[in-house]
>>> print(open('upload_10.cif').read())   # mmCIF, C-alpha atoms and all ligand atoms
data_start
#
loop_
_atom_site.label_atom_id
_atom_site.label_comp_id
_atom_site.auth_asym_id
_atom_site.auth_seq_id
_atom_site.Cartn_x
_atom_site.Cartn_y
_atom_site.Cartn_z
CA MET D 173 -22.44 -13.45 -28.57
CA GLU D 174 -23.34 -10.52 -30.85
CA GLU D 175 -21.44 -9.85 -34.06
CA MET D 176 -18.89 -7.03 -33.99
CA ARG D 177 -21.13 -4.67 -35.96
CA ALA D 178 -19.34 -1.64 -34.48
CA ASN D 179 -16.38 -2.58 -36.70
CA ASP D 180 -18.29 -2.00 -39.96
CA PRO D 181 -15.91 0.27 -41.91
CA SER D 182 -18.82 1.88 -43.79
CA ARG D 183 -20.43 3.24 -40.59
CA ARG D 184 -20.54 7.01 -40.34
CA THR D 185 -21.48 9.16 -37.36
CA TRP D 186 -23.49 12.34 -36.85
CA VAL D 187 -20.67 13.63 -34.62
CA ASN D 188 -18.20 15.95 -36.33
CA VAL D 189 -15.01 13.85 -36.36
CA GLU D 190 -11.85 15.28 -37.85
CA GLU D 191 -10.47 13.36 -40.83
CA GLY D 192 -7.73 10.97 -39.67
CA SER D 193 -8.78 11.06 -36.00
CA ASP D 194 -7.65 8.16 -33.83
CA PHE D 195 -11.23 7.95 -32.58
CA PRO D 196 -13.68 7.34 -35.45
CA ILE D 197 -16.95 5.50 -34.86
CA GLN D 198 -15.09 2.21 -35.43
CA ASN D 199 -12.99 2.70 -32.28
CA ILE D 200 -15.26 3.31 -29.24
CA PRO D 201 -12.58 3.04 -26.54
CA PHE D 202 -13.26 3.31 -22.81
CA GLY D 203 -11.76 5.66 -20.24
CA ILE D 204 -12.31 7.65 -17.06
CA ALA D 205 -12.65 11.42 -17.28
CA GLY D 206 -12.57 14.03 -14.54
CA LEU D 207 -15.11 16.80 -15.19
CA GLU D 208 -15.85 20.15 -13.57
CA THR D 209 -19.06 18.72 -12.19
CA LYS D 210 -18.02 15.17 -11.31
CA GLU D 211 -14.69 13.76 -10.23
CA SER D 212 -14.53 10.49 -12.19
CA VAL D 213 -16.88 9.43 -14.95
CA ILE D 214 -16.93 6.39 -17.25
CA VAL D 215 -16.71 7.68 -20.81
CA THR D 216 -16.03 6.80 -24.41
CA ARG D 217 -14.56 9.07 -27.05
CA ILE D 218 -15.53 9.98 -30.59
CA GLY D 219 -13.30 12.48 -32.39
CA ASP D 220 -12.52 15.16 -29.83
CA TRP D 221 -15.76 14.58 -27.93
CA VAL D 222 -16.02 12.60 -24.75
CA MET D 223 -19.35 10.88 -24.17
CA ARG D 224 -20.58 10.23 -20.62
CA LEU D 225 -21.78 6.68 -20.26
CA ASP D 226 -23.07 7.28 -16.73
CA VAL D 227 -25.66 9.72 -18.07
CA LEU D 228 -26.77 7.38 -20.84
CA ALA D 229 -26.93 4.41 -18.47
CA THR D 230 -29.28 6.33 -16.18
CA GLU D 231 -31.61 6.77 -19.16
CA GLY D 232 -31.60 2.99 -19.62
CA PHE D 233 -29.71 2.95 -22.91
CA PHE D 234 -27.43 0.11 -21.81
CA ASP D 235 -29.99 -2.12 -20.09
CA SER D 236 -29.75 -4.62 -22.96
CA THR D 237 -25.98 -5.09 -22.50
CA GLY D 238 -26.19 -7.11 -19.28
CA ILE D 239 -24.21 -4.46 -17.40
CA PRO D 240 -26.25 -3.05 -14.49
CA ARG D 241 -26.94 0.70 -14.45
CA GLU D 242 -25.11 1.17 -11.13
CA ALA D 243 -21.87 -0.12 -12.65
CA PHE D 244 -21.69 3.02 -14.78
CA GLU D 245 -21.61 5.17 -11.64
CA SER D 246 -18.17 3.75 -10.78
CA ALA D 247 -14.90 5.69 -10.77
CA SER D 248 -13.05 2.94 -12.66
CA LEU D 249 -13.83 0.75 -15.64
CA ASN D 250 -13.52 -2.41 -13.56
CA ASP D 251 -17.20 -2.42 -12.67
CA ILE D 252 -18.33 -2.57 -16.29
CA MET D 253 -15.65 -5.10 -17.35
CA LEU D 254 -17.92 -8.09 -16.86
CA GLY D 255 -16.76 -10.02 -19.90
CA LYS D 256 -16.32 -10.07 -23.65
CA ALA D 257 -20.04 -10.47 -24.45
CA GLU D 258 -21.10 -7.53 -22.26
CA ILE D 259 -18.38 -5.21 -23.57
CA ARG D 260 -19.17 -6.18 -27.15
CA ALA D 261 -22.88 -5.46 -26.59
CA LEU D 262 -22.00 -2.12 -24.98
CA ARG D 263 -19.68 -1.09 -27.79
CA ASN D 264 -22.28 -2.09 -30.39
CA ARG D 265 -24.96 -0.12 -28.56
CA ILE D 266 -22.78 3.01 -28.37
CA SER D 267 -21.92 2.65 -32.05
CA ASP D 268 -25.65 2.41 -32.90
CA LEU D 269 -26.38 5.58 -30.92
CA LEU D 270 -23.62 7.44 -32.76
CA GLU D 271 -24.59 6.12 -36.19
CA VAL D 272 -25.44 8.87 -38.65
CA ASN D 273 -29.09 7.91 -39.20
CA ASN D 274 -29.90 7.18 -35.57
CA GLU D 275 -31.95 10.13 -34.26
CA ILE D 276 -32.41 8.97 -30.62
CA LEU D 277 -29.42 10.87 -29.31
CA ARG D 278 -28.69 13.02 -32.35
CA ASP D 279 -31.96 14.94 -32.08
CA ASP D 280 -32.28 15.06 -28.29
CA HIS D 281 -30.52 18.32 -27.53
CA ASP D 282 -31.09 18.22 -23.77
CA LEU D 283 -29.53 14.77 -23.55
CA LEU D 284 -26.66 15.77 -25.82
CA ASP D 285 -25.93 18.74 -23.56
CA SER D 286 -25.64 16.47 -20.57
CA CYS D 287 -23.66 13.61 -22.12
CA MET D 288 -21.25 15.17 -24.64
CA VAL D 289 -18.20 17.02 -23.29
CA ARG D 290 -15.35 18.57 -25.24
CA LEU D 291 -12.11 16.68 -24.68
CA GLU D 292 -10.26 19.81 -23.51
CA LYS D 293 -12.71 20.11 -20.60
CA CYS D 294 -11.73 16.65 -19.30
CA ARG D 295 -8.81 15.51 -17.17
CA MET D 296 -8.24 11.96 -18.24
CA GLN D 297 -7.53 9.60 -15.35
CA LEU D 298 -6.20 6.10 -14.85
CA PRO D 299 -8.92 4.09 -16.60
CA VAL D 300 -8.65 0.88 -14.62
CA SER D 301 -7.97 0.03 -11.03
CA ILE D 302 -5.00 -2.20 -11.80
CA GLY D 303 -4.57 -5.29 -9.70
CA ASP D 304 -1.47 -7.22 -10.65
CA TYR D 305 0.97 -6.02 -13.27
CA THR D 306 3.18 -8.40 -15.24
CA ASP D 307 5.83 -7.34 -17.73
CA PHE D 308 6.98 -9.69 -20.46
CA TYR D 309 10.12 -9.55 -22.56
CA SER D 310 8.61 -10.72 -25.84
CA SER D 311 10.50 -8.87 -28.57
CA ARG D 312 13.24 -11.02 -30.01
CA GLU D 313 14.99 -7.97 -31.44
CA HIS D 314 14.99 -6.19 -28.05
CA ALA D 315 16.17 -9.25 -26.13
CA THR D 316 18.88 -9.85 -28.74
CA ASN D 317 20.08 -6.25 -28.59
CA VAL D 318 20.22 -6.23 -24.79
CA GLY D 319 21.91 -9.65 -24.70
CA THR D 320 24.45 -8.48 -27.27
CA MET D 321 25.28 -5.34 -25.30
CA PHE D 322 25.47 -6.86 -21.84
CA ARG D 323 26.52 -10.45 -22.37
CA ASP D 324 27.69 -12.16 -25.50
CA PRO D 325 26.78 -11.31 -29.13
CA ASP D 326 27.14 -14.99 -30.06
CA ASN D 327 24.72 -16.12 -27.35
CA ALA D 328 22.55 -13.02 -27.04
CA LEU D 329 19.36 -14.92 -26.16
CA LEU D 330 19.41 -16.93 -22.95
CA PRO D 331 18.60 -20.66 -23.44
CA ASN D 332 14.96 -20.35 -22.30
CA TRP D 333 14.02 -17.36 -24.45
CA LEU D 334 12.81 -19.19 -27.57
CA HIS D 335 10.88 -21.72 -25.47
CA LEU D 336 8.75 -19.52 -23.20
CA PRO D 337 7.59 -15.91 -22.93
CA VAL D 338 9.94 -14.60 -20.23
CA GLY D 339 8.30 -12.20 -17.76
CA TYR D 340 8.36 -10.86 -14.21
CA HIS D 341 5.85 -9.49 -11.73
CA GLY D 342 5.98 -5.71 -11.60
CA ARG D 343 4.29 -3.16 -9.38
CA SER D 344 0.88 -1.63 -10.07
CA SER D 345 0.88 1.17 -7.46
CA SER D 346 3.19 3.36 -9.53
CA ILE D 347 1.38 3.00 -12.86
CA ILE D 348 0.34 6.52 -13.84
CA VAL D 349 -1.77 8.00 -16.60
CA SER D 350 -0.51 10.08 -19.51
CA GLY D 351 0.14 13.69 -18.50
CA THR D 352 1.52 12.84 -15.06
CA ASP D 353 5.09 14.14 -14.53
CA ILE D 354 7.68 11.84 -12.99
CA ARG D 355 10.80 12.61 -10.93
CA ARG D 356 14.22 11.31 -11.81
CA PRO D 357 14.86 8.44 -9.41
CA HIS D 358 17.73 7.92 -6.97
CA GLY D 359 19.22 4.52 -6.55
CA GLN D 360 22.20 2.40 -5.74
CA GLN D 361 24.68 2.04 -8.59
CA LYS D 362 28.02 0.41 -9.10
CA PRO D 363 30.73 2.41 -10.90
CA GLU D 364 33.08 0.37 -13.10
CA ASP D 365 35.92 0.80 -10.60
CA GLY D 366 35.02 1.35 -6.99
CA PRO D 367 32.38 0.47 -4.44
CA PRO D 368 28.61 0.99 -4.86
CA VAL D 369 27.26 4.52 -4.48
CA MET D 370 23.83 6.10 -3.98
CA GLY D 371 22.90 8.77 -6.47
CA LEU D 372 20.63 10.12 -9.16
CA SER D 373 20.07 7.86 -12.12
CA LYS D 374 21.96 9.27 -15.09
CA LEU D 375 20.73 6.64 -17.53
CA LEU D 376 16.98 7.21 -17.40
CA ASP D 377 15.24 5.46 -20.28
CA PHE D 378 11.82 4.72 -21.75
CA GLU D 379 10.59 1.35 -22.97
CA LEU D 380 8.06 1.34 -25.81
CA GLU D 381 5.43 -1.22 -24.88
CA MET D 382 1.77 -2.07 -25.26
CA ALA D 383 -0.21 -3.57 -22.41
CA PHE D 384 -3.44 -5.53 -22.23
CA ILE D 385 -6.02 -5.53 -19.47
CA THR D 386 -7.91 -8.64 -18.45
CA PHE D 387 -11.42 -9.61 -17.48
CA ASP D 388 -11.86 -12.04 -14.62
CA GLY D 389 -9.98 -15.24 -15.45
CA LYS D 390 -10.47 -18.70 -14.05
CA PRO D 391 -10.22 -19.70 -10.38
CA LEU D 392 -6.85 -20.50 -8.84
CA GLY D 393 -5.58 -23.86 -10.02
CA GLN D 394 -6.98 -23.66 -13.57
CA SER D 395 -5.35 -22.56 -16.82
CA ILE D 396 -6.41 -20.47 -19.80
CA SER D 397 -5.49 -22.00 -23.17
CA THR D 398 -4.25 -20.06 -26.18
CA ASP D 399 -7.65 -20.76 -27.81
CA GLU D 400 -9.49 -19.22 -24.86
CA ALA D 401 -7.10 -16.40 -24.11
CA GLU D 402 -8.71 -13.62 -26.15
CA ASN D 403 -12.02 -14.13 -24.33
CA TYR D 404 -10.26 -12.89 -21.20
CA ILE D 405 -8.74 -9.75 -22.73
CA PHE D 406 -10.67 -6.48 -22.38
CA GLY D 407 -8.40 -4.21 -24.40
CA MET D 408 -5.06 -2.56 -24.88
CA CYS D 409 -3.24 0.68 -24.20
CA ILE D 410 0.19 2.19 -24.89
CA PHE D 411 2.64 1.64 -22.08
CA ASN D 412 5.96 3.31 -21.22
CA ASP D 413 7.89 1.15 -18.79
CA TRP D 414 10.33 3.73 -17.40
CA SER D 415 13.72 2.20 -16.63
CA ALA D 416 16.83 3.46 -14.83
CA ARG D 417 19.58 1.54 -16.61
CA ASP D 418 22.36 2.27 -14.09
CA ILE D 419 20.23 1.06 -11.18
CA GLN D 420 19.02 -1.93 -13.23
CA LYS D 421 22.51 -3.06 -14.18
CA TRP D 422 23.62 -3.39 -10.56
CA GLU D 423 20.46 -4.80 -8.96
CA TYR D 424 18.95 -7.18 -11.50
CA VAL D 425 20.98 -10.32 -10.77
CA PRO D 426 19.66 -12.83 -9.73
CA LEU D 427 15.95 -11.92 -9.38
CA GLY D 428 15.41 -9.38 -12.16
CA PRO D 429 14.15 -5.79 -12.26
CA PHE D 430 13.20 -4.08 -9.00
CA LEU D 431 13.80 -0.42 -8.12
CA ALA D 432 15.05 0.36 -11.64
CA LYS D 433 11.50 -0.11 -12.91
CA ASN D 434 8.98 0.38 -10.13
CA PHE D 435 9.30 4.15 -9.65
CA ALA D 436 6.86 4.81 -12.52
CA SER D 437 5.23 3.29 -15.61
CA SER D 438 2.98 5.44 -17.81
CA MET D 439 -0.15 4.33 -19.68
CA SER D 440 -2.38 5.98 -22.26
CA PRO D 441 -5.86 6.87 -20.93
CA TRP D 442 -8.02 5.07 -23.53
CA VAL D 443 -8.49 1.31 -23.48
CA VAL D 444 -9.05 0.18 -27.07
CA THR D 445 -10.99 -3.07 -26.99
CA LEU D 446 -9.65 -6.25 -28.55
CA ASP D 447 -12.83 -6.24 -30.67
CA ALA D 448 -11.90 -2.87 -32.17
CA LEU D 449 -8.48 -4.26 -33.06
CA ASP D 450 -9.93 -7.33 -34.81
CA PRO D 451 -9.63 -5.84 -38.35
CA PHE D 452 -5.89 -5.41 -37.80
CA ARG D 453 -4.98 -9.01 -37.10
CA THR D 454 -1.80 -10.28 -38.64
CA SER D 455 0.49 -13.27 -38.39
CA SER D 456 3.36 -13.50 -35.92
CA PRO D 457 7.01 -14.15 -36.67
CA LYS D 458 7.60 -17.87 -37.28
CA GLN D 459 8.58 -19.62 -34.07
CA ASP D 460 11.58 -21.89 -34.42
CA PRO D 461 12.24 -24.13 -32.53
CA GLU D 462 8.70 -25.43 -32.31
CA VAL D 463 7.05 -24.47 -29.02
CA LEU D 464 5.52 -26.88 -26.49
CA ASP D 465 1.89 -27.85 -27.05
CA TYR D 466 0.38 -25.46 -24.49
CA LEU D 467 1.97 -22.53 -26.36
CA LYS D 468 0.77 -23.58 -29.82
CA TYR D 469 -2.09 -21.56 -31.29
CA THR D 470 -4.20 -21.30 -34.43
CA GLY D 471 -5.12 -18.24 -36.45
CA ASP D 472 -3.65 -14.75 -36.48
CA LYS D 473 -3.04 -13.71 -32.90
CA ASN D 474 -0.87 -10.71 -33.58
CA PHE D 475 -1.95 -7.17 -34.45
CA ASP D 476 -0.59 -4.62 -36.91
CA ILE D 477 -0.19 -1.53 -34.72
CA GLU D 478 2.29 1.14 -35.77
CA LEU D 479 4.15 2.61 -32.81
CA GLU D 480 6.07 5.87 -32.52
CA VAL D 481 8.20 7.47 -29.83
CA PHE D 482 9.03 11.17 -29.66
CA ILE D 483 11.30 13.20 -27.39
CA GLU D 484 10.24 16.79 -26.82
CA PRO D 485 12.88 18.88 -25.05
CA THR D 486 11.63 21.65 -22.78
CA SER D 487 12.04 24.48 -25.28
CA GLY D 488 11.96 22.44 -28.47
CA THR D 489 9.63 20.51 -30.68
CA GLU D 490 8.91 16.79 -31.02
CA ASN D 491 11.64 14.56 -32.42
CA ARG D 492 10.60 11.11 -33.58
CA VAL D 493 13.23 8.69 -32.33
CA CYS D 494 11.50 5.37 -33.03
CA LEU D 495 9.03 3.88 -35.50
CA SER D 496 8.17 0.29 -34.58
CA ASN D 497 5.22 -2.09 -34.78
CA PHE D 498 3.45 -4.38 -32.33
CA LYS D 499 3.46 -7.14 -34.96
CA HIS D 500 7.19 -7.70 -34.46
CA LEU D 501 6.53 -9.42 -31.12
CA TYR D 502 7.72 -13.03 -31.11
CA TRP D 503 5.30 -14.08 -28.37
CA ASN D 504 1.66 -13.02 -28.78
CA MET D 505 -0.80 -12.09 -26.04
CA SER D 506 -2.60 -15.43 -26.19
CA GLN D 507 0.68 -17.26 -25.59
CA GLN D 508 1.56 -14.85 -22.78
CA LEU D 509 -1.76 -15.46 -21.02
CA ALA D 510 -1.58 -19.22 -21.56
CA HIS D 511 1.93 -19.30 -20.15
CA HIS D 512 1.02 -17.05 -17.22
CA THR D 513 -1.78 -19.40 -16.14
CA ILE D 514 -0.31 -22.79 -17.06
CA ASN D 515 0.74 -23.33 -13.43
CA GLY D 516 -2.76 -22.46 -12.17
CA CYS D 517 -2.00 -18.79 -11.44
CA ASN D 518 -5.29 -16.88 -11.46
CA ILE D 519 -5.95 -13.71 -13.44
CA ARG D 520 -8.32 -11.10 -12.11
CA ARG D 521 -10.37 -8.33 -13.62
CA GLY D 522 -8.12 -5.30 -14.09
CA ASP D 523 -4.79 -7.10 -14.23
CA MET D 524 -2.32 -5.61 -16.67
CA LEU D 525 0.10 -7.62 -18.79
CA ALA D 526 2.66 -5.61 -20.73
CA SER D 527 4.53 -6.77 -23.81
CA GLY D 528 8.08 -5.79 -23.03
CA THR D 529 9.98 -3.33 -25.18
CA ILE D 530 8.86 -3.61 -28.80
CA SER D 531 11.89 -3.22 -31.02
CA GLY D 532 11.86 -3.95 -34.73
CA PRO D 533 14.70 -5.18 -36.90
CA GLU D 534 16.02 -1.75 -37.96
CA PRO D 535 17.91 0.66 -35.69
CA THR D 536 15.15 3.21 -36.42
CA SER D 537 12.67 0.79 -34.84
CA TYR D 538 14.48 0.23 -31.54
CA GLY D 539 12.15 0.83 -28.61
CA SER D 540 14.49 2.19 -25.93
CA MET D 541 17.32 4.74 -25.71
CA LEU D 542 19.56 1.93 -24.49
CA GLU D 543 19.30 0.42 -27.96
CA ILE D 544 18.90 3.64 -29.98
CA SER D 545 22.10 5.11 -28.51
CA TRP D 546 23.64 1.64 -28.21
CA LYS D 547 24.45 1.93 -24.48
CA GLY D 548 25.31 5.63 -24.93
CA THR D 549 27.96 5.10 -27.60
CA LYS D 550 25.85 6.60 -30.41
CA PRO D 551 24.14 9.78 -29.21
CA ILE D 552 21.30 11.09 -31.36
CA LYS D 553 20.90 14.70 -32.42
CA LEU D 554 17.64 16.50 -31.71
CA ASN D 555 16.30 19.30 -33.88
CA ASP D 556 17.17 21.93 -31.23
CA GLY D 557 20.86 21.04 -31.71
CA THR D 558 21.23 19.11 -28.43
CA GLU D 559 22.19 15.45 -28.16
CA ARG D 560 20.62 12.59 -26.23
CA LYS D 561 22.01 9.29 -25.04
CA PHE D 562 19.28 8.90 -22.43
CA ILE D 563 16.41 11.08 -21.18
CA GLN D 564 17.23 14.44 -19.57
CA ASP D 565 15.32 16.48 -17.01
CA ARG D 566 12.44 18.46 -18.54
CA ASP D 567 12.24 16.17 -21.58
CA SER D 568 8.82 14.84 -22.44
CA VAL D 569 8.56 11.36 -23.92
CA ILE D 570 5.51 10.82 -26.11
CA MET D 571 4.34 7.49 -27.54
CA ARG D 572 1.58 7.08 -30.12
CA ALA D 573 -0.04 4.05 -31.72
CA HIS D 574 -2.15 3.70 -34.86
CA CYS D 575 -3.78 1.00 -36.95
CA ASN D 576 -4.65 1.41 -40.62
CA ASN D 577 -5.75 -1.39 -42.94
CA GLY D 578 -6.88 0.83 -45.80
CA SER D 579 -10.58 0.77 -44.90
CA THR D 580 -10.40 1.59 -41.19
CA LYS D 581 -7.93 3.80 -39.36
CA LEU D 582 -7.97 4.13 -35.60
CA GLY D 583 -5.52 4.77 -32.82
CA PHE D 584 -4.80 4.89 -29.13
CA GLY D 585 -4.08 8.62 -28.70
CA GLU D 586 -0.86 9.06 -26.79
CA VAL D 587 1.00 8.53 -23.56
CA ARG D 588 2.99 11.63 -22.64
CA THR D 589 5.25 11.96 -19.61
CA ARG D 590 7.63 14.72 -18.60
CA VAL D 591 10.68 14.03 -16.48
CA LEU D 592 11.31 16.53 -13.68
CA GLU D 593 14.40 17.02 -11.53
CA SER D 594 14.64 14.78 -8.51
CA LYS D 595 13.17 16.19 -5.28
CA CA D 601 9.79 -3.56 -19.71
#
>>> encode(input="upload_10.cif", output="structure tokens", more="lines below")
Ligand code: CA
Amino acid sequence: MEEMRANDPSRRTWVNVEEGSDFPIQNIPFGIAGLETKESVIVTRIGDWVMRLDVLATEGFFDSTGIPREAFESASLNDIMLGKAEIRALRNRISDLLEVNNEILRDDHDLLDSCMVRLEKCRMQLPVSIGDYTDFYSSREHATNVGTMFRDPDNALLPNWLHLPVGYHGRSSSIIVSGTDIRRPHGQQKPEDGPPVMGLSKLLDFELEMAFITFDGKPLGQSISTDEAENYIFGMCIFNDWSARDIQKWEYVPLGPFLAKNFASSMSPWVVTLDALDPFRTSSPKQDPEVLDYLKYTGDKNFDIELEVFIEPTSGTENRVCLSNFKHLYWNMSQQLAHHTINGCNIRRGDMLASGTISGPEPTSYGSMLEISWKGTKPIKLNDGTERKFIQDRDSVIMRAHCNNGSTKLGFGEVRTRVLESK
């Protein structure tokens, strides 16, 4: 496999990239853009420019990557997600083309006109055709907070939690891309005193998560080890796992989340490859008690990704309500994938595995309104003078994610969703 030369922090590009952009030449994420002239196009992004990979593939620029030209004509990234080696070669090739001294593209004005599009001219779409979606519950702080609120502060974690990455199978059909409005859901709820009722959710909440997207895994009946796991991960995005707490509270026993979660989940439009995140590796929290052998791993499998959540009321400005970090997760992605497949469950290209709410140790780092407002007992004040316990109609929730190790800074852009009244 090629080296990750696209990660070289000294690389500069001939494209005009704003200082501090989430999308320097060291990022090279992948996405799907809708253009005036073509409905869905495979693209990458540099600064505020979107680069059409379909156009460049037609010219033969990616023939050396092992990805066939036709794959770039697809309306989803799945067709180019052949594996780690191919994606690494593609990202390296794009980085070479954008490199400041490389004249091939830089000096070909006709080609530039046909492949470079301003971001504001694009409608970003769901980047991947998502097959199966799994949601984990891998933040110890989040699980402890929820267990403390709803069960017993002295036994906040259930007995299995420190021994396996708890998760459930979610629903992929309602995963939407940033910029798509959602409607407040209806659902069955159980008032404290009295019989169940049907009504609008009053406790609509976000969950700050990251998700990873897989390449094809192994056939049914085989497992992926923690050592192998990263070879099966294409990249990551920001993920807001919308949750209706009042519906959830009544329905979730004994089989877990159902209608409280599956009405919508929002993802950011750019998939940042695991290769691009390599410079931001960090250690995980120490696991005690010791985990079973199949969950043991070597090396740094966690990533230092700063995460922010903002609420923007309809006639107000952004209020940051959470500052957390992906590195707080107790269970890392390699453990999640190893656990998911240990029974022989197969993983397919385009599956999505989300982290679970990522809360940190401080109240300012809690990743849901449930925790921030502590079940509604501690409302927060927004800068327009209003208060929030949960999310109100016409609020937008915005999540952003950045990495910065001193020599390279890159980010994921944002996932932004507005809540509309129920229909
Ligand atoms: Ca979740």
>>> atom_distance(input="upload_10.cif", atom1="atom CA of Ser537 of chain D", atom2="atom CA of Asn497 of chain D")
8.0 Å
>>> atom_distance(input="upload_10.cif", atom1="atom CA of Leu336 of chain D", atom2="atom CA of Ser455 of chain D")
18.4 Å
>>> residues_around(input="upload_10.cif", residues="segment 390-393 of chain D", least_positions_apart="2", cutoff="8 Å", atoms="only C-alpha atoms", output="list in words")
Asp388, Ser395, Ile396, Asn515, Gly516, Cys517, Asn518 and Ile519 of chain D
>>> residues_around(input="upload_10.cif", residues="segment 367-371 of chain D", least_positions_apart="5", cutoff="10 Å", atoms="all atoms listed in the file", output="PyMOL selection string")
chain D and resi 357-362+419+422
>>> closest_residue(input="upload_10.cif", among="D:Asp523, D:Glu381, D:Asp476, D:Glu559", to="ligand CA 601 (chain D)", atoms="all atoms listed in the file")
D:Glu381
>>> residues_near_ligand(input="upload_10.cif", ligand="ligand CA 601 (chain D)", cutoff="10 Å", atoms="only C-alpha atoms and all ligand atoms", output="list in words")
Thr306, Asp307, Phe308, Tyr309, Ser310, Gly339, Tyr340, Gly342, Phe378, Glu379, Leu380, Glu381, Met382, Phe411, Asn412, Asp413, Trp414, Ser415, Pro429, Lys433, Ser437, Ala526, Ser527, Gly528, Thr529, Ile530 and Ser540 of chain D
>>> residues_around(input="upload_10.cif", residues="Pro457 of chain D", least_positions_apart="4", cutoff="8 Å", atoms="only C-alpha atoms", output="ChimeraX atom specification")
/D:500-502
>>> closest_residue(input="upload_10.cif", among="D:Thr589, D:Ser506, D:Ser311, D:Asn576", to="Gly192 of chain D", atoms="all atoms listed in the file")
D:Asn576
>>> atom_distance(input="upload_10.cif", atom1="atom CA of Glu175 of chain D", atom2="atom CA of Phe387 of chain D")
19.4 Å
>>> build_atoms(input="upload_10.cif", residues="segment 432-443 of chain D", atoms="N, CA and C atoms", output="JSON list (two decimals), keeping the file's coordinate frame")
[["chain", "number", "residue", "atom", "x", "y", "z"],
["D", 432, "ALA", "N", 14.76, -0.30, -10.36],
["D", 432, "ALA", "CA", 15.05, 0.36, -11.64],
["D", 432, "ALA", "C", 13.79, 0.55, -12.48],
["D", 433, "LYS", "N", 12.71, -0.12, -12.09],
["D", 433, "LYS", "CA", 11.50, -0.11, -12.91],
["D", 433, "LYS", "C", 10.27, 0.37, -12.15],
["D", 434, "ASN", "N", 10.26, 0.20, -10.83],
["D", 434, "ASN", "CA", 8.98, 0.38, -10.13],
["D", 434, "ASN", "C", 8.71, 1.80, -9.66],
["D", 435, "PHE", "N", 9.54, 2.76, -10.07],
["D", 435, "PHE", "CA", 9.30, 4.15, -9.65],
["D", 435, "PHE", "C", 8.20, 4.79, -10.50],
["D", 436, "ALA", "N", 7.96, 4.30, -11.70],
["D", 436, "ALA", "CA", 6.86, 4.81, -12.52],
["D", 436, "ALA", "C", 6.74, 4.02, -13.81],
["D", 437, "SER", "N", 5.51, 3.80, -14.26],
["D", 437, "SER", "CA", 5.23, 3.29, -15.61],
["D", 437, "SER", "C", 4.01, 4.07, -16.08],
["D", 438, "SER", "N", 4.04, 4.55, -17.33],
["D", 438, "SER", "CA", 2.98, 5.44, -17.81],
["D", 438, "SER", "C", 2.09, 4.73, -18.82],
["D", 439, "MET", "N", 0.76, 4.94, -18.70],
["D", 439, "MET", "CA", -0.15, 4.33, -19.68],
["D", 439, "MET", "C", -1.02, 5.38, -20.34],
["D", 440, "SER", "N", -1.46, 5.10, -21.56],
["D", 440, "SER", "CA", -2.38, 5.98, -22.26],
["D", 440, "SER", "C", -3.77, 5.83, -21.64],
["D", 441, "PRO", "N", -4.60, 6.88, -21.70],
["D", 441, "PRO", "CA", -5.86, 6.87, -20.93],
["D", 441, "PRO", "C", -7.00, 6.09, -21.57],
["D", 442, "TRP", "N", -6.89, 5.72, -22.85],
["D", 442, "TRP", "CA", -8.02, 5.07, -23.53],
["D", 442, "TRP", "C", -7.73, 3.59, -23.71],
["D", 443, "VAL", "N", -8.62, 2.75, -23.24],
["D", 443, "VAL", "CA", -8.49, 1.31, -23.48],
["D", 443, "VAL", "C", -9.23, 1.00, -24.77]]
